[in-house]
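Undergrad: This is upload.pdb (PDB, C-alpha atoms).
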ATOM      1  CA  MET A   1       9.604 -84.734 -30.192
ATOM      2  CA  THR A   2      11.508 -83.011 -33.033
ATOM      3  CA  PRO A   3      10.932 -79.449 -34.306
ATOM      4  CA  ASN A   4       8.910 -80.792 -37.192
ATOM      5  CA  ASP A   5       6.552 -82.743 -34.950
ATOM      6  CA  THR A   6       3.307 -81.134 -33.924
ATOM      7  CA  SER A   7       1.867 -81.685 -30.481
ATOM      8  CA  SER A   8      -1.533 -83.115 -30.033
ATOM      9  CA  PRO A   9      -4.327 -80.947 -28.582
ATOM     10  CA  GLU A  10      -4.358 -83.124 -25.477
ATOM     11  CA  GLU A  11      -0.648 -82.526 -24.954
ATOM     12  CA  ARG A  12      -1.081 -78.750 -25.303
ATOM     13  CA  ASP A  13      -4.004 -78.713 -22.849
ATOM     14  CA  ARG A  14      -1.948 -80.675 -20.361
ATOM     15  CA  LEU A  15       0.995 -78.283 -20.632
ATOM     16  CA  ILE A  16      -1.228 -75.221 -20.244
ATOM     17  CA  ALA A  17      -2.941 -76.733 -17.239
ATOM     18  CA  GLU A  18       0.473 -77.456 -15.681
ATOM     19  CA  ALA A  19       1.598 -73.849 -16.260
ATOM     20  CA  LEU A  20      -1.580 -72.443 -14.755
ATOM     21  CA  THR A  21      -1.310 -74.696 -11.728
ATOM     22  CA  HIS A  22       2.290 -73.565 -11.241
ATOM     23  CA  ALA A  23       1.342 -69.879 -11.488
ATOM     24  CA  GLU A  24      -1.485 -70.315  -8.961
ATOM     25  CA  ALA A  25       0.902 -72.047  -6.576
ATOM     26  CA  ARG A  26       3.333 -69.096  -6.877
ATOM     27  CA  ASP A  27       0.540 -66.587  -6.343
ATOM     28  CA  LEU A  28      -0.569 -68.362  -3.210
ATOM     29  CA  GLY A  29       2.993 -68.247  -1.886
ATOM     30  CA  TYR A  30       3.198 -64.464  -2.343
ATOM     31  CA  ARG A  31       2.376 -62.291   0.712
ATOM     32  CA  PRO A  32       2.210 -58.604   0.194
ATOM     33  CA  PRO A  33       4.308 -56.582   2.664
ATOM     34  CA  SER A  34       2.126 -55.567   5.512
ATOM     35  CA  VAL A  35       2.029 -51.920   6.648
ATOM     36  CA  ALA A  36       1.142 -51.351  10.196
ATOM     37  CA  PRO A  37      -1.891 -49.042  10.414
ATOM     38  CA  THR A  38      -0.207 -47.048  13.196
ATOM     39  CA  THR A  39       2.715 -46.108  10.886
ATOM     40  CA  VAL A  40       0.310 -44.825   8.239
ATOM     41  CA  ARG A  41      -1.515 -42.714  10.783
ATOM     42  CA  TRP A  42       1.726 -41.346  12.216
ATOM     43  CA  LYS A  43       3.073 -40.280   8.826
ATOM     44  CA  GLY A  44      -0.227 -38.731   7.828
ATOM     45  CA  ALA A  45      -0.483 -36.698  11.023
ATOM     46  CA  VAL A  46       3.124 -35.474  10.894
ATOM     47  CA  GLY A  47       2.830 -34.694   7.187
ATOM     48  CA  ALA A  48      -0.366 -32.696   7.645
ATOM     49  CA  ALA A  49       1.080 -30.812  10.615
ATOM     50  CA  GLY A  50       4.261 -30.023   8.681
ATOM     51  CA  LEU A  51       2.221 -28.866   5.702
ATOM     52  CA  LEU A  52       0.154 -26.521   7.868
ATOM     53  CA  LEU A  53       3.261 -25.193   9.596
ATOM     54  CA  GLY A  54       4.959 -24.584   6.237
ATOM     55  CA  VAL A  55       1.951 -22.678   4.895
ATOM     56  CA  ALA A  56       1.758 -20.602   8.084
ATOM     57  CA  LEU A  57       5.479 -19.751   7.914
ATOM     58  CA  LEU A  58       5.172 -18.795   4.263
ATOM     59  CA  VAL A  59       2.147 -16.576   4.773
ATOM     60  CA  ALA A  60       3.206 -14.933   8.033
ATOM     61  CA  PRO A  61       6.860 -15.600   8.775
ATOM     62  CA  PRO A  62       7.938 -14.771  12.330
ATOM     63  CA  ALA A  63      10.605 -12.144  12.989
ATOM     64  CA  TRP A  64      13.438 -14.670  13.403
ATOM     65  CA  LEU A  65      12.693 -16.062   9.959
ATOM     66  CA  ARG A  66      12.163 -12.729   8.219
ATOM     67  CA  GLY A  67      15.712 -11.549   8.916
ATOM     68  CA  ASP A  68      16.513  -7.853   8.761
ATOM     69  CA  PRO A  69      13.420  -5.680   8.486
ATOM     70  CA  ALA A  70      12.975  -3.688   5.299
ATOM     71  CA  PRO A  71      14.495  -0.212   5.635
ATOM     72  CA  SER A  72      12.153   2.744   5.877
ATOM     73  CA  VAL A  73      12.717   6.433   5.336
ATOM     74  CA  PRO A  74      13.302   8.166   8.696
ATOM     75  CA  ARG A  75      10.894  10.904   9.607
ATOM     76  CA  GLU A  76      13.713  13.510   9.817
ATOM     77  CA  ALA A  77      14.809  12.685   6.294
ATOM     78  CA  ARG A  78      11.253  13.207   5.052
ATOM     79  CA  GLU A  79      11.046  16.547   6.826
ATOM     80  CA  LEU A  80      14.331  17.638   5.302
ATOM     81  CA  GLY A  81      13.025  16.476   1.938
ATOM     82  CA  ALA A  82       9.902  18.625   2.201
ATOM     83  CA  ARG A  83      11.987  21.644   3.242
ATOM     84  CA  ALA A  84      14.491  21.066   0.434
ATOM     85  CA  MET A  85      11.721  20.904  -2.162
ATOM     86  CA  LEU A  86      10.207  24.149  -0.847
ATOM     87  CA  TYR A  87      13.540  25.943  -0.789
ATOM     88  CA  LEU A  88      14.681  24.758  -4.220
ATOM     89  CA  GLN A  89      11.358  25.619  -5.814
ATOM     90  CA  ALA A  90      11.452  29.071  -4.209
ATOM     91  CA  GLN A  91      14.975  29.549  -5.565
ATOM     92  CA  GLU A  92      13.732  28.704  -9.022
ATOM     93  CA  ILE A  93      10.809  31.115  -8.686
ATOM     94  CA  GLU A  94      13.222  33.881  -7.660
ATOM     95  CA  ALA A  95      15.397  33.179 -10.705
ATOM     96  CA  TYR A  96      12.268  33.330 -12.863
ATOM     97  CA  ARG A  97      11.264  36.588 -11.189
ATOM     98  CA  GLN A  98      14.664  38.153 -11.933
ATOM     99  CA  ARG A  99      14.654  37.043 -15.534
ATOM    100  CA  ASN A 100      11.025  37.877 -16.316
ATOM    101  CA  GLN A 101      10.367  40.745 -13.903
ATOM    102  CA  GLY A 102       7.360  38.953 -12.507
ATOM    103  CA  LEU A 103       6.117  35.819 -10.841
ATOM    104  CA  PRO A 104       5.049  32.768 -12.804
ATOM    105  CA  ASP A 105       1.305  32.126 -13.009
ATOM    106  CA  ARG A 106       1.838  28.504 -12.102
ATOM    107  CA  LEU A 107       4.708  26.183 -11.292
ATOM    108  CA  GLY A 108       4.359  24.666 -14.738
ATOM    109  CA  ASP A 109       5.780  27.918 -16.165
ATOM    110  CA  LEU A 110       9.127  27.124 -14.559
ATOM    111  CA  GLU A 111      11.750  24.910 -16.142
ATOM    112  CA  SER A 112      11.437  22.453 -13.274
ATOM    113  CA  GLU A 113       8.199  21.940 -11.417
ATOM    114  CA  LEU A 114       9.105  19.977  -8.315
ATOM    115  CA  PRO A 115       6.606  17.321  -7.265
ATOM    116  CA  GLY A 116       4.392  17.470  -4.184
ATOM    117  CA  LEU A 117       4.167  21.279  -3.866
ATOM    118  CA  ARG A 118       1.323  23.790  -4.052
ATOM    119  CA  PHE A 119       1.890  27.314  -5.325
ATOM    120  CA  VAL A 120      -0.313  30.113  -4.032
ATOM    121  CA  ARG A 121       0.244  33.485  -5.650
ATOM    122  CA  SER A 122      -1.123  36.203  -3.404
ATOM    123  CA  ASN A 123      -0.413  39.110  -5.761
ATOM    124  CA  ASP A 124       2.188  40.177  -8.294
ATOM    125  CA  ARG A 125       4.974  40.099  -5.718
ATOM    126  CA  VAL A 126       4.080  37.675  -2.978
ATOM    127  CA  TYR A 127       3.605  33.929  -3.085
ATOM    128  CA  GLN A 128       3.506  30.937  -0.805
ATOM    129  CA  LEU A 129       4.636  27.406  -1.425
ATOM    130  CA  VAL A 130       3.060  24.587   0.536
ATOM    131  CA  ALA A 131       4.395  21.095   1.135
ATOM    132  CA  TYR A 132       3.119  18.418   3.462
ATOM    133  CA  GLY A 133       5.451  16.857   6.002
ATOM    134  CA  PRO A 134       5.520  13.197   7.041
ATOM    135  CA  ASP A 135       2.762  13.718   9.609
ATOM    136  CA  GLY A 136       0.520  15.483   7.110
ATOM    137  CA  ARG A 137       1.284  18.888   8.597
ATOM    138  CA  ALA A 138       1.515  21.711   6.063
ATOM    139  CA  MET A 139       4.867  23.499   5.741
ATOM    140  CA  VAL A 140       4.537  26.945   4.218
ATOM    141  CA  TYR A 141       7.298  28.895   2.534
ATOM    142  CA  ASP A 142       6.224  32.528   2.519
ATOM    143  CA  SER A 143       8.203  34.611   0.029
ATOM    144  CA  THR A 144       8.031  37.690   2.245
ATOM    145  CA  HIS A 145       9.273  35.980   5.412
ATOM    146  CA  PRO A 146      10.779  32.575   4.636
ATOM    147  CA  ALA A 147      10.890  30.584   7.837
ATOM    148  CA  PRO A 148      14.465  29.986   9.044
ATOM    149  CA  GLU A 149      13.584  26.384   9.989
ATOM    150  CA  ILE A 150      12.869  25.751   6.324
ATOM    151  CA  GLN A 151      15.915  27.547   4.943
ATOM    152  CA  GLU A 152      18.730  26.747   7.357
ATOM    153  CA  PRO A 153      18.914  22.948   7.124
ATOM    154  CA  VAL A 154      18.657  23.112   3.346
ATOM    155  CA  VAL A 155      21.342  25.769   3.046
ATOM    156  CA  ASP A 156      23.594  23.508   5.149
ATOM    157  CA  LEU A 157      22.833  20.567   2.885
ATOM    158  CA  LEU A 158      23.518  22.581  -0.280
ATOM    159  CA  SER A 159      26.801  23.910   1.155
ATOM    160  CA  ARG A 160      27.931  20.340   1.760
ATOM    161  CA  ILE A 161      26.968  19.320  -1.780
ATOM    162  CA  ASP A 162      28.627  22.337  -3.384
ATOM    163  CA  GLY A 163      31.735  21.934  -1.217
ATOM    164  CA  GLN A 164      32.352  18.374  -2.390
TER     165      GLN A 164
ATOM    166  CA  MET B   1      -0.581 -41.106   1.330
ATOM    167  CA  GLY B   2       1.457 -40.505   4.473
ATOM    168  CA  ASN B   3       4.668 -40.447   2.479
ATOM    169  CA  VAL B   4       3.252 -37.907   0.028
ATOM    170  CA  LEU B   5       2.137 -35.654   2.880
ATOM    171  CA  LEU B   6       5.551 -35.910   4.500
ATOM    172  CA  ALA B   7       7.302 -34.990   1.245
ATOM    173  CA  LEU B   8       4.970 -32.040   0.663
ATOM    174  CA  ALA B   9       5.487 -30.839   4.230
ATOM    175  CA  ALA B  10       9.258 -31.009   3.837
ATOM    176  CA  LEU B  11       9.083 -28.999   0.608
ATOM    177  CA  MET B  12       6.771 -26.423   2.160
ATOM    178  CA  LEU B  13       8.999 -25.961   5.209
ATOM    179  CA  LEU B  14      12.048 -25.585   2.994
ATOM    180  CA  ALA B  15      10.285 -22.964   0.906
ATOM    181  CA  ALA B  16       9.169 -21.122   4.058
ATOM    182  CA  VAL B  17      12.745 -20.978   5.331
ATOM    183  CA  LEU B  18      14.212 -19.902   1.984
ATOM    184  CA  ALA B  19      11.504 -17.448   0.890
ATOM    185  CA  PRO B  20      12.709 -14.477   3.026
ATOM    186  CA  ARG B  21      16.229 -14.919   1.645
ATOM    187  CA  TRP B  22      14.911 -15.008  -1.912
ATOM    188  CA  ARG B  23      12.872 -11.884  -1.264
ATOM    189  CA  ALA B  24      15.857 -10.085   0.307
ATOM    190  CA  ARG B  25      18.046 -11.038  -2.624
ATOM    191  CA  ALA B  26      15.452  -9.877  -5.150
ATOM    192  CA  PHE B  27      15.178  -6.568  -3.291
ATOM    193  CA  GLU B  28      18.957  -6.087  -3.294
ATOM    194  CA  GLN B  29      19.035  -6.748  -7.032
ATOM    195  CA  ARG B  30      16.269  -4.186  -7.502
ATOM    196  CA  VAL B  31      18.186  -1.556  -5.520
ATOM    197  CA  GLU B  32      21.318  -2.316  -7.529
ATOM    198  CA  ALA B  33      19.434  -1.912 -10.814
ATOM    199  CA  VAL B  34      17.932   1.428  -9.791
ATOM    200  CA  ALA B  35      21.263   2.676  -8.414
ATOM    201  CA  ALA B  36      22.944   1.699 -11.693
ATOM    202  CA  GLY B  37      20.301   3.773 -13.499
ATOM    203  CA  VAL B  38      20.954   6.727 -11.183
ATOM    204  CA  ASP B  39      24.711   6.463 -11.739
ATOM    205  CA  ALA B  40      24.283   6.217 -15.498
ATOM    206  CA  LEU B  41      21.998   9.267 -15.595
ATOM    207  CA  ARG B  42      24.380  11.238 -13.410
ATOM    208  CA  ALA B  43      27.337  10.263 -15.619
ATOM    209  CA  GLU B  44      25.446  11.365 -18.750
ATOM    210  CA  ALA B  45      24.588  14.709 -17.167
ATOM    211  CA  GLU B  46      28.157  15.242 -15.970
ATOM    212  CA  ALA B  47      29.437  14.508 -19.470
ATOM    213  CA  VAL B  48      27.136  17.236 -20.816
ATOM    214  CA  LEU B  49      28.353  19.595 -18.085
ATOM    215  CA  THR B  50      31.973  18.895 -18.991
ATOM    216  CA  ALA B  51      31.303  19.418 -22.688
ATOM    217  CA  THR B  52      29.112  22.523 -22.482
ATOM    218  CA  GLY B  53      29.757  24.023 -19.046
ATOM    219  CA  SER B  54      26.077  23.747 -18.253
ATOM    220  CA  TRP B  55      23.812  21.046 -16.832
ATOM    221  CA  PRO B  56      21.429  19.570 -19.402
ATOM    222  CA  ALA B  57      18.010  21.236 -19.470
ATOM    223  CA  SER B  58      15.079  19.490 -17.822
ATOM    224  CA  ALA B  59      13.510  18.993 -21.239
ATOM    225  CA  GLU B  60      16.554  16.957 -22.282
ATOM    226  CA  GLY B  61      16.016  14.643 -19.319
ATOM    227  CA  PRO B  62      14.012  11.902 -21.045
ATOM    228  CA  ALA B  63      16.785  11.439 -23.603
ATOM    229  CA  LEU B  64      19.331  10.941 -20.844
ATOM    230  CA  VAL B  65      17.334   8.563 -18.676
ATOM    231  CA  PRO B  66      18.506   4.950 -19.051
ATOM    232  CA  GLU B  67      16.029   2.110 -19.237
ATOM    233  CA  LEU B  68      15.366   0.174 -16.079
ATOM    234  CA  PRO B  69      14.716  -3.584 -16.057
ATOM    235  CA  PRO B  70      11.110  -4.479 -16.999
ATOM    236  CA  GLN B  71      10.347  -5.651 -13.445
ATOM    237  CA  ASP B  72      10.907  -2.059 -12.294
ATOM    238  CA  SER B  73       8.061  -0.618 -14.318
ATOM    239  CA  THR B  74       6.753   1.116 -11.186
ATOM    240  CA  VAL B  75       9.999   3.067 -10.790
ATOM    241  CA  THR B  76      10.653   6.209 -12.815
ATOM    242  CA  LEU B  77      13.953   8.041 -13.175
ATOM    243  CA  ALA B  78      13.894  11.748 -13.910
ATOM    244  CA  TRP B  79      16.341  14.557 -14.554
ATOM    245  CA  ARG B  80      15.766  18.169 -13.519
ATOM    246  CA  ARG B  81      17.745  21.369 -13.788
ATOM    247  CA  ILE B  82      16.930  23.802 -11.022
ATOM    248  CA  SER B  83      17.814  27.481 -11.355
ATOM    249  CA  SER B  84      18.654  29.891  -8.601
ATOM    250  CA  THR B  85      19.835  33.462  -8.376
ATOM    251  CA  VAL B  86      21.772  35.656  -6.029
ATOM    252  CA  VAL B  87      21.254  39.403  -6.154
ATOM    253  CA  PRO B  88      24.355  41.125  -4.795
ATOM    254  CA  ASP B  89      23.866  43.733  -2.106
ATOM    255  CA  PRO B  90      24.037  47.286  -3.432
ATOM    256  CA  PRO B  91      27.434  48.945  -2.983
ATOM    257  CA  SER B  92      27.855  50.661   0.355
ATOM    258  CA  GLY B  93      26.902  54.349   0.323
ATOM    259  CA  VAL B  94      24.140  53.765  -2.173
ATOM    260  CA  ASP B  95      21.044  54.541  -0.251
ATOM    261  CA  ALA B  96      17.497  54.922  -1.255
ATOM    262  CA  GLY B  97      17.173  57.962   0.971
ATOM    263  CA  LEU B  98      16.534  61.469  -0.285
ATOM    264  CA  PRO B  99      19.553  63.517  -1.474
ATOM    265  CA  GLU B 100      20.990  66.224   0.719
ATOM    266  CA  ALA B 101      19.482  69.674   0.262
ATOM    267  CA  ASP B 102      22.452  71.174  -1.587
ATOM    268  CA  GLU B 103      23.032  68.056  -3.596
ATOM    269  CA  GLY B 104      20.959  67.537  -6.714
ATOM    270  CA  PHE B 105      19.857  64.201  -8.067
ATOM    271  CA  GLY B 106      23.065  62.677  -9.257
ATOM    272  CA  PRO B 107      23.499  59.800 -11.612
ATOM    273  CA  GLU B 108      21.429  56.752 -10.713
ATOM    274  CA  PRO B 109      23.299  54.208  -8.652
ATOM    275  CA  PRO B 110      24.268  51.119 -10.567
ATOM    276  CA  VAL B 111      21.705  48.363 -10.342
ATOM    277  CA  PRO B 112      23.358  45.174  -9.115
ATOM    278  CA  THR B 113      23.307  42.461 -11.716
ATOM    279  CA  PRO B 114      22.023  39.179 -10.358
ATOM    280  CA  ASP B 115      24.144  36.092 -10.652
ATOM    281  CA  TYR B 116      22.391  33.006 -11.956
ATOM    282  CA  PHE B 117      23.155  29.430 -11.051
ATOM    283  CA  GLU B 118      21.779  26.043 -11.882
ATOM    284  CA  ARG B 119      22.099  22.654 -10.298
ATOM    285  CA  GLY B 120      21.224  19.216 -11.501
ATOM    286  CA  ALA B 121      18.930  16.804  -9.730
ATOM    287  CA  VAL B 122      18.414  13.091 -10.314
ATOM    288  CA  SER B 123      15.077  11.823  -9.019
ATOM    289  CA  VAL B 124      13.573   8.403  -8.537
ATOM    290  CA  HIS B 125       9.790   8.195  -8.298
ATOM    291  CA  ALA B 126       8.752   4.981  -6.547
ATOM    292  CA  GLY B 127       6.005   3.919  -4.201
ATOM    293  CA  ASP B 128       8.309   1.448  -2.437
ATOM    294  CA  ASP B 129       9.439   3.070   0.824
ATOM    295  CA  ALA B 130      12.185   0.473   1.334
ATOM    296  CA  LEU B 131      13.674   1.280  -2.067
ATOM    297  CA  LEU B 132      13.679   5.015  -1.296
ATOM    298  CA  ALA B 133      15.293   4.346   2.101
ATOM    299  CA  SER B 134      18.005   2.209   0.496
ATOM    300  CA  LEU B 135      18.816   4.973  -1.981
ATOM    301  CA  LEU B 136      18.898   7.470   0.889
ATOM    302  CA  GLU B 137      21.484   5.310   2.670
ATOM    303  CA  ARG B 138      23.519   4.789  -0.447
ATOM    304  CA  TYR B 139      23.753   8.434  -1.543
ATOM    305  CA  PRO B 140      24.621  10.830   1.283
ATOM    306  CA  GLY B 141      23.099  14.263   0.849
ATOM    307  CA  SER B 142      20.031  12.962  -0.951
ATOM    308  CA  PHE B 143      16.525  13.388   0.424
ATOM    309  CA  VAL B 144      12.995  12.028   0.106
ATOM    310  CA  HIS B 145       9.740  13.910  -0.266
ATOM    311  CA  ASP B 146       6.531  11.910  -0.626
ATOM    312  CA  THR B 147       7.387   9.153  -3.074
ATOM    313  CA  VAL B 148      10.322  10.962  -4.696
ATOM    314  CA  TRP B 149      13.971  10.470  -3.830
ATOM    315  CA  THR B 150      16.260  13.245  -5.072
ATOM    316  CA  LEU B 151      20.008  13.512  -5.425
ATOM    317  CA  LEU B 152      21.238  17.074  -5.925
ATOM    318  CA  LEU B 153      24.360  17.811  -7.921
ATOM    319  CA  PRO B 154      26.636  20.824  -7.379
ATOM    320  CA  ARG B 155      25.559  24.184  -8.696
ATOM    321  CA  VAL B 156      27.350  25.911 -11.535
ATOM    322  CA  SER B 157      27.111  29.437 -12.913
ATOM    323  CA  ALA B 158      24.476  29.942 -15.562
ATOM    324  CA  PRO B 159      24.113  32.582 -18.256
ATOM    325  CA  PRO B 160      21.595  35.340 -17.450
ATOM    326  CA  ASP B 161      19.236  34.210 -20.214
TER     327      ASP B 161
END
Will you turn the file into structure tokens for me?
TA:
Amino acid sequence: MTPNDTSSPEERDRLIAEALTHAEARDLGYRPPSVAPTTVRWKGAVGAAGLLLGVALLVAPPAWLRGDPAPSVPREARELGARAMLYLQAQEIEAYRQRNQGLPDRLGDLESELPGLRFVRSNDRVYQLVAYGPDGRAMVYDSTHPAPEIQEPVVDLLSRIDGQ
Amino acid sequence: MGNVLLALAALMLLAAVLAPRWRARAFEQRVEAVAAGVDALRAEAEAVLTATGSWPASAEGPALVPELPPQDSTVTLAWRRISSTVVPDPPSGVDAGLPEADEGFGPEPPVPTPDYFERGAVSVHAGDDALLASLLERYPGSFVHDTVWTLLLPRVSAPPD
């Protein structure tokens, strides 16, 4: 047969039938790889267990996985902080008193109102400042008799800062 | 299906092991950013002190405060100037008691002039206790009250008015 020849319908049908028969024979010879059911179950169980373990470790990691615990402010440092705020605010009130010959009506009248303090003005001369320590206990700075346990540690701290 | 579960489990376990390190690293970066803000604010205030001999006023604070990264929107930096005064003791011999009988009321004793001082304070307002504790460790002499960490700067003399 040359390129210019045309095949007869019978010839084409025969060739197609041969190709189909060949393809069917190849298909029959193909065997899909078999997966043992036990392997599937094993992988599924291990995968699910690993997934659950991963979620649990993410949500609530144990101590050995968490590493160093987050730092927290020691109680003594908080107590010193409350005392320092009381002392510094009292110092500022005394400076105001010297300059203005009288107490401020409120802490907002001062240049710096320190946070977390209450100001109680008893009369024109006497006032109290109140701060709350780490355990919720009130610390009172009384302008007539400032407690040494409030003043002394702060004076030490300020001496160190000013001596630097 | 089993293979997919195994792959997911491996990824989840890896994330669980790495997550605390990521969190610790993010926290360290946060502390560094806040400390850089504190240092910048302190440097600005010290420059004003060097130029004028006086700490910047509290009202000037907002202009000095550097911007923190957007992820630290819950942290606020603040500047304060805190005044104090020392009233010198009256000179010895000056007593409030009554004059002697043969001694009239003499000239009034000199009233001691108070000395005024001011000190600077850099504060960080943050609800994160771990952040406050890290700043406390980093800056000796600082303190924490409630949710405010404060670093005091040395006092300098201030004009009377």
Undergrad: Restricting the calculation to all atoms listed in the file: of B:Ala130, B:Leu49, B:Val156, B:Val144, which residue gets closest to Gly116 of chain A?
TA: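 Residue with the minimum atom-to-atom distance to Gly116 of chain A: B:Val144.
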Undergrad: Do me a favour and pick out the residues of chain A within 6 Å of chain B, using only C-alpha atoms, as a PyMOL selection string.
TA: chain A and resi 40+43-44+47+50-51+54+57-58+66+70-73+78+81-82+91-92+95+161-162
Undergrad: Smallest atom-to-atom distance to Leu88 of chain A: which of A:Ala45, A:Asp124, A:Phe119, A:Leu114, using only C-alpha atoms?
TA: A:Leu114
Undergrad: What is the distance between atom CA of Leu117 of chain A and atom CA of Leu86 of chain A, in Å to one decimal?
TA: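 Result for atom CA of Leu117 of chain A versus atom CA of Leu86 of chain A: 7.3 Å, one decimal.
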Undergrad: Run the PyMOL selection byres ((chain A and resi 142) around 8) against the file shown and list the residues it catches, as a ChimeraX atom specification.
TA: /A:126-129,140-141,143-147
Undergrad: If the box runs along x, y and z of the file and leaves 3 Å on each side of segment 31-47 of chain A, what are its centre and edge lengths in Å, one decimal, as lines of an AutoDock Vina configuration file?
TA:
center_x = 1.2
center_y = -48.5
center_z = 6.7
size_x = 12.2
size_y = 33.6
size_z = 19.0
Undergrad: Pick out the residues sitting within 8 Å of Leu77 of chain B, and hand them over as a ChimeraX atom specification; count all atoms listed in the file, and ignore anything fewer than 4 positions along from it in its own chain.
TA: /B:37-38,65,122-125
Undergrad: Write out, as a tab-separated table (two decimals), in the frame of the given file, the residues just selected, with C-alpha atoms.
TA:
chain	number	residue	atom	x	y	z
B	37	GLY	CA	20.30	3.77	-13.50
B	38	VAL	CA	20.95	6.73	-11.18
B	65	VAL	CA	17.33	8.56	-18.68
B	122	VAL	CA	18.41	13.09	-10.31
B	123	SER	CA	15.08	11.82	-9.02
B	124	VAL	CA	13.57	8.40	-8.54
B	125	HIS	CA	9.79	8.20	-8.30
Undergrad: What would segment 73-89 of chain A look like with N, CA and C atoms in place, written as a tab-separated table (two decimals), keeping the file's coordinate frame?
TA:
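Resulting contents of selection35.tsv:
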chain	number	residue	atom	x	y	z
A	73	VAL	N	12.17	5.08	5.35
A	73	VAL	CA	12.72	6.43	5.34
A	73	VAL	C	12.46	7.08	6.69
A	74	PRO	N	13.52	7.54	7.39
A	74	PRO	CA	13.30	8.17	8.70
A	74	PRO	C	12.49	9.45	8.55
A	75	ARG	N	11.76	9.74	9.59
A	75	ARG	CA	10.89	10.90	9.61
A	75	ARG	C	11.70	12.20	9.36
A	76	GLU	N	12.90	12.29	9.96
A	76	GLU	CA	13.71	13.51	9.82
A	76	GLU	C	14.11	13.71	8.35
A	77	ALA	N	14.41	12.58	7.70
A	77	ALA	CA	14.81	12.68	6.29
A	77	ALA	C	13.64	13.18	5.45
A	78	ARG	N	12.43	12.75	5.80
A	78	ARG	CA	11.25	13.21	5.05
A	78	ARG	C	11.00	14.70	5.30
A	79	GLU	N	11.23	15.12	6.53
A	79	GLU	CA	11.05	16.55	6.83
A	79	GLU	C	12.06	17.39	6.06
A	80	LEU	N	13.31	16.92	6.06
A	80	LEU	CA	14.33	17.64	5.30
A	80	LEU	C	13.97	17.66	3.82
A	81	GLY	N	13.42	16.56	3.35
A	81	GLY	CA	13.02	16.48	1.94
A	81	GLY	C	11.97	17.51	1.59
A	82	ALA	N	10.97	17.64	2.46
A	82	ALA	CA	9.90	18.62	2.20
A	82	ALA	C	10.49	20.04	2.21
A	83	ARG	N	11.37	20.31	3.17
A	83	ARG	CA	11.99	21.64	3.24
A	83	ARG	C	12.85	21.91	2.00
A	84	ALA	N	13.61	20.89	1.60
A	84	ALA	CA	14.49	21.07	0.43
A	84	ALA	C	13.67	21.36	-0.82
A	85	MET	N	12.57	20.65	-0.99
A	85	MET	CA	11.72	20.90	-2.16
A	85	MET	C	11.20	22.34	-2.14
A	86	LEU	N	10.74	22.78	-0.96
A	86	LEU	CA	10.21	24.15	-0.85
A	86	LEU	C	11.30	25.17	-1.20
A	87	TYR	N	12.46	24.97	-0.61
A	87	TYR	CA	13.54	25.94	-0.79
A	87	TYR	C	14.00	25.98	-2.25
A	88	LEU	N	14.19	24.80	-2.83
A	88	LEU	CA	14.68	24.76	-4.22
A	88	LEU	C	13.66	25.35	-5.19
A	89	GLN	N	12.38	25.06	-4.93
A	89	GLN	CA	11.36	25.62	-5.81
A	89	GLN	C	11.30	27.14	-5.66
